[in-house]
Structures are given as structure tokens and as C-alpha cells.
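Heads up: the structure comes next, in C-alpha cells.
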Amino acid sequence: MNTTCSWSGGKDSCFALMQAIKQGYQPKALLNVLNEHGKISRSHGIPSEILKAQADRANLPMYLFPSSWQDYETKFVNALKLIKAQFALQYAVFGDIDLQAHRDWEEMVCAKAGLQAVLPLWKQDRRKLVDEMLASGIETMIVSCNEVMGERFLGQIITPTLVDELEALGVDACGENGEYHTLVLNCTLFNKPLSVTVEGKTLHEKFWFCNLQLAQ
């Protein structure tokens, strides 16, 4: 049951992989899509060196590839084929919860690569999931968010109290609608915690991002 994981660096993909391991899947590699310049992740704005540091702590190889949105699908399929060939993969783990369009896309690209998509968090209650993530030992920080939340949430560690505050603002507990993204600093997959600093904050296309630096 060899698998890769579409690793965003955030809580959902991390918890999905943790759950998949409990179900018997064997992770062989992590996969992330960077922006065209190959410096930060396409979705969360996380620097590549921080993603590599997460992979090192999980004792897994990290496959990073740059892509525009236009080439995203083709490059993702090619990356899956490459990793499949190297590690005799059969599956790919994803952290989506209930966005059907995302699942459809994931199953489609996996089929093109000869793999089966695995979504361990699918259709679970979002608030319950966040509480389970925190109870499992995941320590995670908000690294990007929309203007409804605003920059004050950037760099904050997620706690049940913070999730209460987000829900009071009308923000989904998991950020499943794209309201915010996270960076996992520690979890049971890691052999030691990750330490990062927030060097600044940037507003880009109505979304706030942390300027992150890996602490030495």
C-alpha cells in the first residue's frame, strides 16, 4: 500500500497522512507544487526550504516542482508518474474534506498516473476534525488568510479558542472554503519541531501571506 501525499505543508494534508498511516498505507514521498519561480508553494506561499525541512523531520523525500496554473494539471500528473515509478506507488493521499470538485480533479489526475486517490478526511465534520488534529499533537500556524480575517491572524497558533473566534467571524473551522492556510510546526510524523519566524506580511490579490524564514 505504498503512497505519496499531496503535501501542502498545512494541517489537513498532515492529518490526512497520519490517518492514512493508521489505515495501513506506507508513505514513500511527499509532493508539493511551487509557483513559477520555484521559491514558494503555489497555494500556501510557504518557502521551499521550509517544506524540505518538514520532509526531513518526517524522514521522507520531498518532490517539489514549479508550475503556472495553466500547466498545473500536466505537471502534477507527470510528477505522480515519476514518483510512482521510483517507489512502486499504488496510491496518493489528499487532505480535502468535502469539496467535490477537488476530489473529482484528484481522482482524475491519479487515474492518468495509474494511481488511486485516498481522502481519509472526506465528509467528516470540520470542527470535529480541527479538534482531532489538535488533540493528535499537531501544532499549526496560520500563514495566509483572506481579508475578512485580516493580517492580525497571521502567525497565530491554532487553538480551540482561536477556532471559536474564527467561527464567530463566519470563517470555516478548517478553512476548507479557502479562508486561511496553515503551516505544521510539529506533529507525530516529525522527529523534532520546526521553528520559523514571521519576517513580514504581504497582501497579494486580496489575500494576506506571511513572509516566513526558517529559524537556524
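Simple scheme: letters A, B, ... for chains in C-alpha cells order, numbers from 1 for residues in each chain, numbers from 1 for ligands in the order shown.
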Env of region 125-137 of chain A: 7 Å cut, atoms = only C-alpha atoms, seq-sep filter 6 positions within chain, self excluded. Answer as a PDB file with N, CA and C atoms, in the first residue's frame.
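Once written, out.pdb looks like this:
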```
ATOM      1  N   PHE A  15      -2.703  15.763   8.634  1.00  0.00           N
ATOM      2  CA  PHE A  15      -3.603  14.868   9.365  1.00  0.00           C
ATOM      3  C   PHE A  15      -4.105  13.747   8.462  1.00  0.00           C
ATOM      4  N   PRO A 160      -8.253  25.623  20.187  1.00  0.00           N
ATOM      5  CA  PRO A 160      -9.712  25.588  20.185  1.00  0.00           C
ATOM      6  C   PRO A 160     -10.335  26.979  20.381  1.00  0.00           C
ATOM      7  N   ALA A 173     -14.225  26.376  10.233  1.00  0.00           N
ATOM      8  CA  ALA A 173     -13.268  25.901  11.246  1.00  0.00           C
ATOM      9  C   ALA A 173     -11.978  25.385  10.619  1.00  0.00           C
ATOM     10  N   CYS A 174     -12.099  24.686   9.485  1.00  0.00           N
ATOM     11  CA  CYS A 174     -10.926  24.120   8.813  1.00  0.00           C
ATOM     12  C   CYS A 174     -10.343  25.054   7.751  1.00  0.00           C
ATOM     13  N   CYS A 187       4.220  17.570  14.813  1.00  0.00           N
ATOM     14  CA  CYS A 187       3.196  16.515  14.765  1.00  0.00           C
ATOM     15  C   CYS A 187       3.904  15.198  15.057  1.00  0.00           C
ATOM     16  N   THR A 188       3.144  14.131  15.160  1.00  0.00           N
ATOM     17  CA  THR A 188       3.737  12.833  15.474  1.00  0.00           C
ATOM     18  C   THR A 188       4.567  12.272  14.318  1.00  0.00           C
TER      19      THR A 188
END
```
Next item on the list: Pick out the residues sitting within 12 Å of Trp105 (chain A), and hand them over as a list in words; count only C-alpha atoms, and ignore anything fewer than 2 positions along from it in its own chain.
Entry: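 Non-adjacent residues within range: Tyr72, Glu73, Phe76, Val77, Phe94, Asp96, Leu99, Gln100, Ala101, His102, Arg103, Glu107, Met108, Val109, Cys110, Ala111, Lys112 and Ala117 of chain A.
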Next item on the list: Check the DSSP output for the backbone and give back, as a count of residues only, the residues of region 15-148 of chain A in strand (DSSP E or B).
Entry: 31
Next item on the list: Measuring atom to atom with only C-alpha atoms, identify which of A:Gln124, A:Ser144, A:Thr4, A:Gln213 is nearest to Leu17 (chain A).
Entry: A:Thr4
Margin query: For Ala79 (chain A), find every residue with an atom within 12 Å (counting only C-alpha atoms), except residues of its own chain fewer than 6 positions away, and show them as a ChimeraX atom specification.
Written below: /A:4-6,29-33,62-67,72-73,85-86,92,109-110,112-113,115
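We find CA of His204 (chain A) and CA of Gln54 (chain A) to be spaced 25.0 Å apart.
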Margin query: Set the distance at 6 Å and use only C-alpha atoms: which residues neighbour Lys201 (chain A) once local chain neighbours fewer than 3 positions away are removed? I'd like the list as a PyMOL selection string.
Written below: chain A and resi 209-211
